[in-house]
Structure formats: structure tokens, C-alpha cells
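Student: Please find one structure pasted underneath; my questions will follow.
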Amino acid sequence: MLRDFSLQSLFMGLLTAFVGFASSFAVVLHGLTGVGASEPQAASGLMALSISMGVCAIVLSFATRLPVSIAWSTPGAALLASSGAVEGGFNTAVGGFLICGLLIVLAGLWKPLGRAVAAIPAALANAMLAGVLIGLCFAPAKAIAFDPLLGLPIVLAWVVVGSINRLFAVPAALLAFVLVLAFGVDMPADAMARISATLVPHAAWVAPHFSLAGLVSIALPLFIVTMASQNIPGIAVLKVNGYEPQPGPLFATTGVFSALSAPFGGHAVNLAAITAAMCAGEDAHPDPARRYWAAIVAGAGYVVFGLLAAAVTAFVSLAPPILIQAVAGLALIGAFAGSAMAAFKEPDSREAAAVTFLVTASGVGFAGISGAFWGLLAGGLMLALARLTRSRRR
């Protein structure tokens, strides 16, 4: 195994870990705080997710000799941000995270559930995701309106670097955020002391609370989004690069690690898509049989970043919230564009997708249940009615 290691895989693995963490940790923090997590709980959740996905990537890549890249559910975090706090607070949200993890395990082990998820119309799943993402995608414009001197450098860094290399666009925006925070925001006198105090990792246990609202508002939409927009595309990326993974065991393993991270505030980990392409492509190594080391190195990098999560959270908390939301929004623009295009691609399902998108994007919940669930339900009913009408006309 050690003879398969290479400097090329080492470099790509380190780059993957940096891009995977830096490009979306802001989304995760915003999502966790959106469902009621305190700053220590959000830091614990970020740490649990990063360590879980790192260890999961190492375990799966060693076991399968495939470049299995793992990520946290970025669309799932955006879903949490749009859902808002549920009755029962963060404990209920954690109960939803735990159920989601168990559902992912079940989807991997029990084929009928996996097929049921795959059978959800892609147009509706993408429309729900687009509706979830659009709120955060407004944040960069809102940040500029809040204070052009603070918001504009972040957006310009993303635009300029993205025009050269899209891979580094969000890390560039993050660097601009750090510079804006360091030189443009008045920090409290004890800022460095607060950051230094968080250098020692601390996991916050959150007792899960189970309720119908947590199941319907958190667990089910999170499960659908994670499977449809992360796990299934992750398998596709591996296949495109010439690998033949067994989806069931991979899904089940990510579900186990999701469930393990849930009591510490983590919402879900899953197969990666973008970073999977980095580890599975030729840039990781010319020999496909040796690329799995890139995913292993990336996993080790995620563990290191996870141990620093509390310090990262403490530093980010010094900035006006709209600035970190702007970084999160920039990180999600590509995902929003892709999901919106896929949602409205087919004429036969366009109206149903529009209903799903609009109900979800409205953010309006009924009976304590978030708009994402109602959007998917409304769009499903609309699509079923349209198909029934067309069949009768024939």
C-alpha cells in the first residue's frame, strides 16, 4: 500500500482538504446557528463533521482502494439555514440529524429505500434545492448594501479569481473576508484571548430530542437533499473516472458517521462530488489504481481542520454576520445555478418544479414544518395531477 503513495497524491489531497473546508465551512456554521445552535455548539458541530468526514474518507479509501472523497452536506446546511429553528430548539434539530443518519444507513442496506429516493423526480429535488439555496445567494448583494467597503472586496475577490480559476474563487473570497475582518472591523480588546482560548478542541454533547416537527422539517428534507444532491452524484463522479463502486456500503458508511457526529452537533456527511473529481481525476495521479491516496491525505487534512474548528468559529464570530453569510452565498451560487437549470429543463415538469421552488423559497412553514417539505409535497401533487390529466387525454 505504501508503494502506491506519491507526492502528486499528497499535493492533491492537501489541496482537496483546503478547498473542501474553506469553500463551505461558512455555510455549515450559518446552517447550524440557523436551527438554534449556540456558538460553542456550532463549533462542536463543525469539528464533529470535519473529523467524521476525514476518518470516513480514510476508512473507505483504505478498504476499497478507491479515491472515496467525503464531504459534509453543504446543501443540507443551506437547508437548515432556510428552515429556521424548530420547536424544541437545537436538541430537536440534533434528533433530526440522527434520524437522517439512520435513514442514510437504511438506504444503503435496504435497496427499496435507496430506489425510492432515486425515484424522486430529479426536477422536483433540484427545484427544492434551488429554493433552499436562493436565500443565501442573496447575501453577497446584501453585504454590499450593508457596507460597500466591507462587502465589495469579498465579492470582487470571488469575481476576479473565479474568472481565472473557479476552484479558488471561494477560498479567495474567504481570504478577502479575513483581510476585511482584520483591517476593516473594530475588534474587541479581548479578541485574541478569545481565539487563543479555543485552540484546545472541545466537543459539546447535545442530547437529541425526537418530535414530529424534527422528523418532517429536518430529518426527511435533509435526507432527501443529501442523497439526491450529494451521495448519488458522488457515485456518478467515481464512475465517470472509470471506477466501479458499490453504492450501498458507501452510503451506509456515510450514514454511520453522520449518526456518530449528530450528538455533537453535526448534521450529515456524505460522498463528495466536486472534491471527488479532484481526487479521482488524473491530477491526483496518472495511474487510477494509486489515486486513493489523495482521498486518504484529504481525510487526514479534514481531521486537522476539524481540531481547529473552535478557533475558526471564534474568529468568524467577530465579524458582522452578513459578511460570513456573503462568503456562504458565494460558495452556493454554482450549486444554485446547476440545480435551477436542472429543475426547469424539462417542459413537462416545469410548472411542478416552479411550484416546488416557490413554496420552498418562500420560507413559509405550516404546522411547525418547514417550507422545503411543503414545497416538495406541493410540487409532487402538481406533477402527479399533470401526469394523470395527460394520461386521461390519451
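In the C-alpha cells, chains take letters A, B, ... by order of appearance, with residues numbered from 1 within each chain and ligands from 1 in the order shown.
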Env of Phe223 (chain A): 8 Å cut, atoms = only C-alpha atoms, seq-sep filter 4 positions within chain, self excluded. Answer as a list of chain:residue names.
Tutor: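 Near neighbours after the sequence-gap exclusion: A:Cys100, A:Gly101, A:Leu103, A:Ile104, A:Ala219, A:Met227.
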Student: Just the selected residues (N, CA, C and O atoms), exported as a compact mmCIF listing (two decimals), in the first residue's frame, please.
Tutor:
```
# COMPACT_ATOMS: atom_id res chain seq x y z
N CYS A 100 -31.76 11.31 10.25
CA CYS A 100 -31.25 11.40 8.88
C CYS A 100 -30.10 10.42 8.67
O CYS A 100 -30.05 9.71 7.66
N GLY A 101 -29.16 10.38 9.62
CA GLY A 101 -28.05 9.44 9.51
C GLY A 101 -28.52 8.00 9.43
O GLY A 101 -28.02 7.21 8.63
N LEU A 103 -31.43 6.97 8.39
CA LEU A 103 -32.10 6.77 7.11
C LEU A 103 -31.08 6.53 5.99
O LEU A 103 -31.32 5.73 5.08
N ILE A 104 -29.95 7.23 6.06
CA ILE A 104 -28.91 7.02 5.05
C ILE A 104 -28.34 5.61 5.17
O ILE A 104 -28.08 4.93 4.16
N ALA A 219 -35.24 16.03 9.43
CA ALA A 219 -34.70 14.72 9.02
C ALA A 219 -35.01 14.37 7.57
O ALA A 219 -34.11 14.04 6.79
N MET A 227 -29.01 12.77 -0.10
CA MET A 227 -28.93 11.64 -1.03
C MET A 227 -28.97 12.11 -2.48
O MET A 227 -28.16 11.68 -3.31
```
Student: With a distance cut-off of 10 Å and only C-alpha atoms, select the neighbouring residues of His267 (chain A), excluding the residue or stretch itself and same-chain residues fewer than 4 positions from it, and output the selection as a list in words.
Tutor: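 Contacts, in chain order: Val28, Gly31, Leu32, Gly45, Leu46, Ala48, Leu49, Trp72, Ser73, Thr74, Gly76, Ala77, Leu80, Ala93, Val94, Gly95, Gly96, Phe97, Leu98, Cys100, Gly101, Ile218, Ala219, Leu222, Ser258, Ala259, Ser261, Ala262 and Pro263 of chain A.
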Student: Using only C-alpha atoms, can you tell me which of A:Ala63, A:Ala354, A:Ala176, A:Ala378 comes closest to Gly131 (chain A)?
Tutor: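 Closest candidate: A:Ala354.
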Student: Using DSSP on the backbone coordinates, identify the residues of region 213-365 of chain A assigned to helix (DSSP H, G or I); present them as a PyMOL selection string.
Tutor: chain A and resi 213-240+247-264+274-280+288-290+292-307+309-316+321-343+347-362
Student: In terms of the shortest atom-to-atom distance over only C-alpha atoms, which of A:Val303, A:Ala169, A:Ala213, A:Ala311 is closest to Ala193 (chain A)?
Tutor: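 Of all the options, A:Ala311 lies closest to Ala193 (chain A).
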Student: Between A:Ala298, A:Ser229, A:Phe344, A:Gly281, which is the closest to Ala118 (chain A) once you count only C-alpha atoms?
Tutor: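 Using only C-alpha atoms, the shortest distance to Ala118 (chain A) belongs to A:Ser229.
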Student: Find the spatial neighbours of region 201-203 of chain A, counting only C-alpha atoms, within a cut-off of 9 Å - ignore same-chain residues fewer than 2 positions away - and output them as a list in words.
Tutor: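 The contact residues come out as Pro40, Gln41, Ala43, Ser44, Gly45, Met47, Ala48, Thr198, Leu199, Trp205, Phe264, Gly265, Gly306, Leu307, Leu308, Ala309, Ala310 and Ala311 of chain A.
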Student: Name the residues in contact with Leu133 (chain A) at a cut-off of 7 Å, using only C-alpha atoms, excluding same-chain residues fewer than 2 positions from it; report them as number ranges by chain.
Tutor: A: 78, 129-131, 135-137, 332, 336
Student: Restricting the output to N, CA, C and O atoms, write the selected residues as a PDB file, in the first residue's frame.
Tutor:
```
ATOM      1  N   ALA A  78     -27.388  24.487   3.979  1.00  0.00           N
ATOM      2  CA  ALA A  78     -28.202  25.582   3.436  1.00  0.00           C
ATOM      3  C   ALA A  78     -29.676  25.362   3.748  1.00  0.00           C
ATOM      4  O   ALA A  78     -30.411  26.312   4.028  1.00  0.00           O
ATOM      5  N   LEU A 129     -33.943  22.099  -3.894  1.00  0.00           N
ATOM      6  CA  LEU A 129     -32.597  22.555  -3.560  1.00  0.00           C
ATOM      7  C   LEU A 129     -32.389  24.005  -3.982  1.00  0.00           C
ATOM      8  O   LEU A 129     -31.821  24.806  -3.224  1.00  0.00           O
ATOM      9  N   ALA A 130     -32.855  24.366  -5.169  1.00  0.00           N
ATOM     10  CA  ALA A 130     -32.716  25.756  -5.623  1.00  0.00           C
ATOM     11  C   ALA A 130     -33.478  26.708  -4.709  1.00  0.00           C
ATOM     12  O   ALA A 130     -32.998  27.806  -4.385  1.00  0.00           O
ATOM     13  N   GLY A 131     -34.663  26.296  -4.262  1.00  0.00           N
ATOM     14  CA  GLY A 131     -35.433  27.127  -3.346  1.00  0.00           C
ATOM     15  C   GLY A 131     -34.749  27.295  -2.012  1.00  0.00           C
ATOM     16  O   GLY A 131     -34.829  28.367  -1.379  1.00  0.00           O
ATOM     17  N   GLY A 135     -32.032  31.929  -0.907  1.00  0.00           N
ATOM     18  CA  GLY A 135     -31.979  32.915   0.169  1.00  0.00           C
ATOM     19  C   GLY A 135     -30.551  33.293   0.522  1.00  0.00           C
ATOM     20  O   GLY A 135     -30.218  34.485   0.671  1.00  0.00           O
ATOM     21  N   LEU A 136     -29.676  32.303   0.635  1.00  0.00           N
ATOM     22  CA  LEU A 136     -28.277  32.587   0.947  1.00  0.00           C
ATOM     23  C   LEU A 136     -27.557  33.250  -0.220  1.00  0.00           C
ATOM     24  O   LEU A 136     -26.624  34.026  -0.015  1.00  0.00           O
ATOM     25  N   CYS A 137     -27.990  32.945  -1.442  1.00  0.00           N
ATOM     26  CA  CYS A 137     -27.336  33.539  -2.607  1.00  0.00           C
ATOM     27  C   CYS A 137     -27.608  35.040  -2.717  1.00  0.00           C
ATOM     28  O   CYS A 137     -26.931  35.742  -3.476  1.00  0.00           O
ATOM     29  N   LEU A 332     -22.333  29.052  -2.806  1.00  0.00           N
ATOM     30  CA  LEU A 332     -23.506  28.296  -3.240  1.00  0.00           C
ATOM     31  C   LEU A 332     -24.066  28.741  -4.583  1.00  0.00           C
ATOM     32  O   LEU A 332     -25.014  28.139  -5.080  1.00  0.00           O
ATOM     33  N   PHE A 336     -26.600  26.647  -6.909  1.00  0.00           N
ATOM     34  CA  PHE A 336     -27.927  27.180  -7.233  1.00  0.00           C
ATOM     35  C   PHE A 336     -28.157  27.191  -8.734  1.00  0.00           C
ATOM     36  O   PHE A 336     -29.221  26.777  -9.220  1.00  0.00           O
TER      37      PHE A 336
END
```
Student: Distance CA of Lys345 (chain A)-CA of Lys239 (chain A), one decimal place?
Tutor: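 Calculated distance between CA of Lys345 (chain A) and CA of Lys239 (chain A) is 23.9 Å.
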